[in-house]
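Participant: query_30.json is reproduced in full below (JSON, C-alpha atoms).
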[["chain", "number", "residue", "atom", "x", "y", "z"],
["A", 1, "MET", "CA", -15.99, -11.13, 5.76],
["A", 2, "GLU", "CA", -12.45, -11.69, 7.00],
["A", 3, "ARG", "CA", -11.32, -9.44, 9.86],
["A", 4, "ARG", "CA", -7.91, -7.83, 10.13],
["A", 5, "HIS", "CA", -5.48, -9.24, 12.66],
["A", 6, "PHE", "CA", -3.03, -6.34, 12.64],
["A", 7, "LYS", "CA", -3.46, -2.62, 13.25],
["A", 8, "ARG", "CA", -3.42, -0.37, 10.19],
["A", 9, "HIS", "CA", -1.34, 2.81, 10.25],
["A", 10, "ASP", "CA", -1.78, 5.96, 8.18],
["A", 11, "ALA", "CA", 1.06, 5.76, 5.69],
["A", 12, "ARG", "CA", 0.42, 7.90, 2.64],
["A", 13, "ALA", "CA", 3.06, 7.22, 0.04],
["A", 14, "TYR", "CA", 3.34, 6.60, -3.66],
["A", 15, "VAL", "CA", 3.79, 3.01, -4.79],
["A", 16, "ASP", "CA", 4.32, 1.38, -8.13],
["A", 17, "VAL", "CA", 1.82, -1.40, -8.73],
["A", 18, "LEU", "CA", 3.50, -4.07, -10.84],
["A", 19, "VAL", "CA", 0.91, -6.31, -12.46],
["A", 20, "ARG", "CA", 0.53, -8.24, -15.72],
["A", 21, "GLY", "CA", 3.94, -7.10, -16.92],
["A", 22, "GLY", "CA", 3.10, -3.42, -16.50],
["A", 23, "LYS", "CA", 3.60, -0.70, -13.91],
["A", 24, "VAL", "CA", 1.15, 1.94, -12.65],
["A", 25, "ARG", "CA", 1.79, 4.65, -10.03],
["A", 26, "ALA", "CA", -0.77, 4.71, -7.22],
["A", 27, "GLU", "CA", -1.11, 6.12, -3.71],
["A", 28, "MET", "CA", -1.06, 3.90, -0.65],
["A", 29, "ASP", "CA", -2.98, 5.38, 2.25],
["A", 30, "ASN", "CA", -2.61, 2.84, 5.04],
["A", 31, "LEU", "CA", -0.30, -0.02, 5.89],
["A", 32, "SER", "CA", -0.05, -2.94, 8.30],
["A", 33, "VAL", "CA", 2.34, -5.86, 8.55],
["A", 34, "SER", "CA", -0.14, -7.99, 6.57],
["A", 35, "GLY", "CA", -1.37, -5.61, 3.87],
["A", 36, "CYS", "CA", -2.29, -2.13, 2.70],
["A", 37, "ARG", "CA", -4.96, -0.06, 1.01],
["A", 38, "VAL", "CA", -4.17, 1.63, -2.29],
["A", 39, "ASP", "CA", -6.11, 4.30, -4.17],
["A", 40, "TYR", "CA", -6.03, 2.89, -7.66],
["A", 41, "SER", "CA", -8.12, 4.71, -10.25],
["A", 42, "GLN", "CA", -7.19, 2.28, -13.00],
["A", 43, "CYS", "CA", -9.17, -0.44, -11.30],
["A", 44, "TRP", "CA", -8.92, -3.24, -13.82],
["A", 45, "LEU", "CA", -7.56, -5.61, -11.24],
["A", 46, "ALA", "CA", -9.40, -8.73, -10.14],
["A", 47, "ARG", "CA", -9.82, -10.10, -6.64],
["A", 48, "GLY", "CA", -7.13, -12.72, -6.00],
["A", 49, "GLU", "CA", -4.83, -11.32, -8.68],
["A", 50, "PRO", "CA", -1.12, -11.36, -7.80],
["A", 51, "VAL", "CA", 0.57, -7.95, -7.59],
["A", 52, "THR", "CA", 3.90, -6.54, -6.51],
["A", 53, "LEU", "CA", 4.05, -3.17, -4.78],
["A", 54, "ARG", "CA", 7.22, -1.15, -4.97],
["A", 55, "MET", "CA", 7.24, 1.33, -2.10],
["A", 56, "ILE", "CA", 8.96, 4.47, -3.29],
["A", 57, "GLY", "CA", 10.97, 6.86, -1.17],
["A", 58, "GLU", "CA", 14.00, 7.49, 0.93],
["A", 59, "GLU", "CA", 12.44, 5.98, 4.05],
["A", 60, "SER", "CA", 11.31, 2.75, 2.42],
["A", 61, "GLY", "CA", 14.44, 2.15, 0.39],
["A", 62, "ASN", "CA", 12.34, 1.09, -2.63],
["A", 63, "ILE", "CA", 11.07, -2.12, -1.02],
["A", 64, "GLU", "CA", 9.13, -4.57, -3.17],
["A", 65, "VAL", "CA", 6.33, -6.60, -1.59],
["A", 66, "ASN", "CA", 4.42, -9.42, -3.25],
["A", 67, "GLY", "CA", 0.77, -9.94, -2.50],
["A", 68, "LYS", "CA", -2.71, -10.54, -3.86],
["A", 69, "VAL", "CA", -5.71, -8.29, -4.31],
["A", 70, "ALA", "CA", -7.93, -9.04, -1.32],
["A", 71, "TRP", "CA", -10.81, -6.69, -2.13],
["A", 72, "ILE", "CA", -11.86, -3.89, -4.46],
["A", 73, "VAL", "CA", -14.31, -1.09, -3.61],
["A", 74, "ARG", "CA", -14.67, 1.65, -6.20],
["A", 75, "GLU", "CA", -11.15, 3.04, -6.69],
["A", 76, "ARG", "CA", -9.64, 1.45, -3.61],
["A", 77, "VAL", "CA", -7.86, -1.86, -3.52],
["A", 78, "GLY", "CA", -6.84, -3.95, -0.52],
["A", 79, "VAL", "CA", -3.63, -5.94, -0.93],
["A", 80, "ARG", "CA", -2.76, -8.86, 1.35],
["A", 81, "PHE", "CA", 0.99, -9.43, 1.49],
["A", 82, "ALA", "CA", 2.41, -12.88, 0.80],
["A", 83, "GLN", "CA", 4.84, -12.43, 3.71],
["A", 84, "PRO", "CA", 4.40, -10.07, 6.68],
["A", 85, "LEU", "CA", 6.38, -6.84, 6.79],
["A", 86, "SER", "CA", 8.58, -5.91, 9.69],
["A", 87, "PRO", "CA", 6.56, -4.01, 12.34],
["A", 88, "ALA", "CA", 9.41, -1.48, 12.52],
["A", 89, "LEU", "CA", 9.08, -0.79, 8.78],
["A", 90, "VAL", "CA", 5.33, -0.19, 9.16],
["A", 91, "LEU", "CA", 5.81, 2.23, 12.05],
["A", 92, "ASP", "CA", 8.59, 4.07, 10.19],
["A", 93, "ALA", "CA", 6.35, 4.45, 7.13],
["A", 94, "GLY", "CA", 3.63, 6.02, 9.28],
["A", 95, "LYS", "CA", 6.07, 8.44, 10.90],
["A", 96, "ALA", "CA", 7.52, 9.43, 7.52],
["A", 97, "SER", "CA", 4.01, 10.03, 6.15],
["A", 98, "THR", "CA", 3.21, 12.37, 9.02],
["A", 99, "ALA", "CA", 6.49, 14.23, 8.61],
["A", 100, "ARG", "CA", 5.82, 14.77, 4.89],
["A", 101, "GLY", "CA", 2.39, 16.23, 5.66],
["A", 102, "LEU", "CA", 0.55, 13.60, 3.63],
["A", 103, "ARG", "CA", -1.53, 12.27, 6.49],
["A", 104, "ARG", "CA", -5.30, 12.36, 6.11],
["A", 105, "GLY", "CA", -5.41, 14.36, 2.92],
["A", 106, "ARG", "CA", -2.92, 17.10, 3.83],
["A", 107, "ARG", "CA", -0.85, 16.89, 0.67],
["A", 108, "ARG", "CA", 1.88, 19.30, -0.17],
["A", 109, "ALA", "CA", 1.30, 21.45, -3.24]]
Turn this file's structure into structure tokens for me.
Facilitator:
Amino acid sequence: MERRHFKRHDARAYVDVLVRGGKVRAEMDNLSVSGCRVDYSQCWLARGEPVTLRMIGEESGNIEVNGKVAWIVRERVGVRFAQPLSPALVLDAGKASTARGLRRGRRRA
């Protein structure tokens, strides 16, 4: 099993998963410069499949990131980015997640 080279940060945010010409809303729950984990209940993706994630929100500025599905476990999907993200963007996403109260399951009603 491949090991991560970069620290993951809690970064709960909604993302659009763009795949096979369609778009599905999902929830990202952690982020690093090299990838992220997404809760994806419509798990019809395949390992190695190319995806684009559109990070939604004021903080992210609707950034699109290309990547591939690295792993799938139940309703969680790991995405490895084609190009690394800026470390500053990753840290900002974690701070914004905490400020919104979405960290570790504390979702606003």
Participant: Extract, using all atoms listed in the file, all DNA, RNA and protein residues at most 9 Å from Cys36 in chain A, discarding same-chain residues fewer than 3 positions from it, and format them as a list in words.
Facilitator: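 Contacts, with the query itself left out: Arg8, Met28, Asp29, Asn30, Leu31, Ser32, Val33, Val77, Gly78, Val79, Arg80 and Phe81 of chain A.
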Participant: So, counting all atoms listed in the file, which residue among A:Leu89, A:Val69, A:Ile56, A:Ala82 is closest to Tyr14 in chain A?
Facilitator: A:Ile56
Participant: Residues proximal to (6.7, -6.8, 7.2) were defined as those with any atom within 9 Å of that point in the file's coordinates, counting all atoms listed in the file. Which are they, as a list in words?
Facilitator: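 Returned residue set, sorted by chain then number, is Ser32, Val33, Ser34, Gly35, Val65, Phe81, Gln83, Pro84, Leu85, Ser86, Pro87, Ala88, Leu89 and Val90 of chain A.
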Participant: Within 12 Å of Trp44 in chain A, counting all atoms listed in the file, which residues qualify if same-chain residues fewer than 6 places away don't, as a list in words?
Facilitator: Val19, Arg20, Val24, Val69, Ile72, Val73, Arg74, Glu75, Arg76 and Val77 of chain A
Participant: Can you tell me how far CA of Leu45 in chain A sits from CA of Asp10 in chain A, in Å to one decimal?
Facilitator: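 Distance between the two atoms: 23.3 Å.
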Participant: Have a look at A:Trp71, A:Ala46, A:Thr52, A:Asp92 and name the one nearest to Gly22 in chain A; count all atoms listed in the file.
Facilitator: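 Of all the options, A:Thr52 lies closest to Gly22 in chain A.
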Participant: To one decimal in Å, tell me the separation between CA of Glu49 in chain A and CA of Lys68 in chain A.
Facilitator: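 Spanning CA of Glu49 in chain A to CA of Lys68 in chain A is a straight-line distance of 5.3 Å.
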Participant: Taking only C-alpha atoms into account, which of A:Val38, A:Leu91, A:Ala70, A:Ala13 comes nearest Met55 in chain A?
Facilitator: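 Of A:Val38, A:Leu91, A:Ala70, A:Ala13, the one nearest Met55 in chain A, counting only C-alpha atoms, is A:Ala13.
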Participant: Kindly give the distance, in Å, that separates CA of Gln42 in chain A and CA of Gly67 in chain A, rounded to a single decimal.
Facilitator: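 Pair CA of Gln42 in chain A / CA of Gly67 in chain A returns 18.0 Å.
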Participant: Take every atom of range 76-81 of chain A listed in the file, pad by 8 Å on each side, and give me the axis-aligned box centre and edge lengths in Å, one decimal, as JSON.
Facilitator:
{"center_x": -4.3, "center_y": -4.0, "center_z": -1.1, "size_x": 26.6, "size_y": 26.9, "size_z": 21.1}
Participant: Nearest residue to Val51 in chain A out of A:Ala11, A:Asn66, A:Arg25, A:Asp16, using all atoms listed in the file?
Facilitator: A:Asn66
Participant: Have range 65-87 of chain A completed to N, CA and C atoms, please, and pass it along as a short mmCIF file (atom, residue, chain, number, x, y, z; two decimals), in the frame of the given file.
Facilitator:
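Okay, this is what ended up in part_39.cif:
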data_model
loop_
_atom_site.label_atom_id
_atom_site.label_comp_id
_atom_site.auth_asym_id
_atom_site.auth_seq_id
_atom_site.Cartn_x
_atom_site.Cartn_y
_atom_site.Cartn_z
N VAL A 65 7.12 -5.66 -2.38
CA VAL A 65 6.33 -6.60 -1.59
C VAL A 65 5.36 -7.31 -2.52
N ASN A 66 5.36 -8.63 -2.47
CA ASN A 66 4.42 -9.42 -3.25
C ASN A 66 3.15 -9.65 -2.45
N GLY A 67 2.03 -9.70 -3.16
CA GLY A 67 0.77 -9.94 -2.50
C GLY A 67 -0.32 -10.28 -3.50
N LYS A 68 -1.54 -10.28 -3.02
CA LYS A 68 -2.71 -10.54 -3.86
C LYS A 68 -3.78 -9.51 -3.53
N VAL A 69 -4.58 -9.20 -4.51
CA VAL A 69 -5.71 -8.29 -4.31
C VAL A 69 -6.73 -9.02 -3.43
N ALA A 70 -7.00 -8.43 -2.26
CA ALA A 70 -7.93 -9.04 -1.32
C ALA A 70 -9.36 -8.55 -1.53
N TRP A 71 -9.48 -7.27 -1.91
CA TRP A 71 -10.81 -6.69 -2.13
C TRP A 71 -10.67 -5.46 -3.01
N ILE A 72 -11.79 -5.09 -3.63
CA ILE A 72 -11.86 -3.89 -4.46
C ILE A 72 -13.18 -3.20 -4.16
N VAL A 73 -13.12 -1.91 -3.81
CA VAL A 73 -14.31 -1.09 -3.61
C VAL A 73 -14.06 0.23 -4.31
N ARG A 74 -14.81 0.46 -5.36
CA ARG A 74 -14.67 1.65 -6.20
C ARG A 74 -13.22 1.77 -6.67
N GLU A 75 -12.54 2.83 -6.25
CA GLU A 75 -11.15 3.04 -6.69
C GLU A 75 -10.15 2.71 -5.60
N ARG A 76 -10.55 1.89 -4.67
CA ARG A 76 -9.64 1.45 -3.61
C ARG A 76 -9.45 -0.06 -3.68
N VAL A 77 -8.22 -0.45 -3.41
CA VAL A 77 -7.86 -1.86 -3.52
C VAL A 77 -7.14 -2.27 -2.24
N GLY A 78 -7.54 -3.39 -1.67
CA GLY A 78 -6.84 -3.95 -0.52
C GLY A 78 -5.87 -5.01 -1.01
N VAL A 79 -4.64 -4.95 -0.55
CA VAL A 79 -3.63 -5.94 -0.93
C VAL A 79 -3.20 -6.68 0.33
N ARG A 80 -3.24 -8.01 0.26
CA ARG A 80 -2.76 -8.86 1.35
C ARG A 80 -1.37 -9.34 0.95
N PHE A 81 -0.39 -9.06 1.80
CA PHE A 81 0.99 -9.43 1.49
C PHE A 81 1.21 -10.93 1.62
N ALA A 82 2.08 -11.46 0.75
CA ALA A 82 2.41 -12.88 0.80
C ALA A 82 3.20 -13.20 2.07
N GLN A 83 4.06 -12.28 2.49
CA GLN A 83 4.84 -12.43 3.71
C GLN A 83 4.67 -11.16 4.54
N PRO A 84 4.58 -11.27 5.85
CA PRO A 84 4.40 -10.07 6.68
C PRO A 84 5.61 -9.14 6.60
N LEU A 85 5.32 -7.84 6.70
CA LEU A 85 6.38 -6.84 6.79
C LEU A 85 6.89 -6.75 8.22
N SER A 86 8.03 -6.19 8.38
CA SER A 86 8.58 -5.91 9.69
C SER A 86 7.72 -4.85 10.37
N PRO A 87 7.31 -5.05 11.63
CA PRO A 87 6.56 -4.01 12.34
C PRO A 87 7.30 -2.68 12.39
#
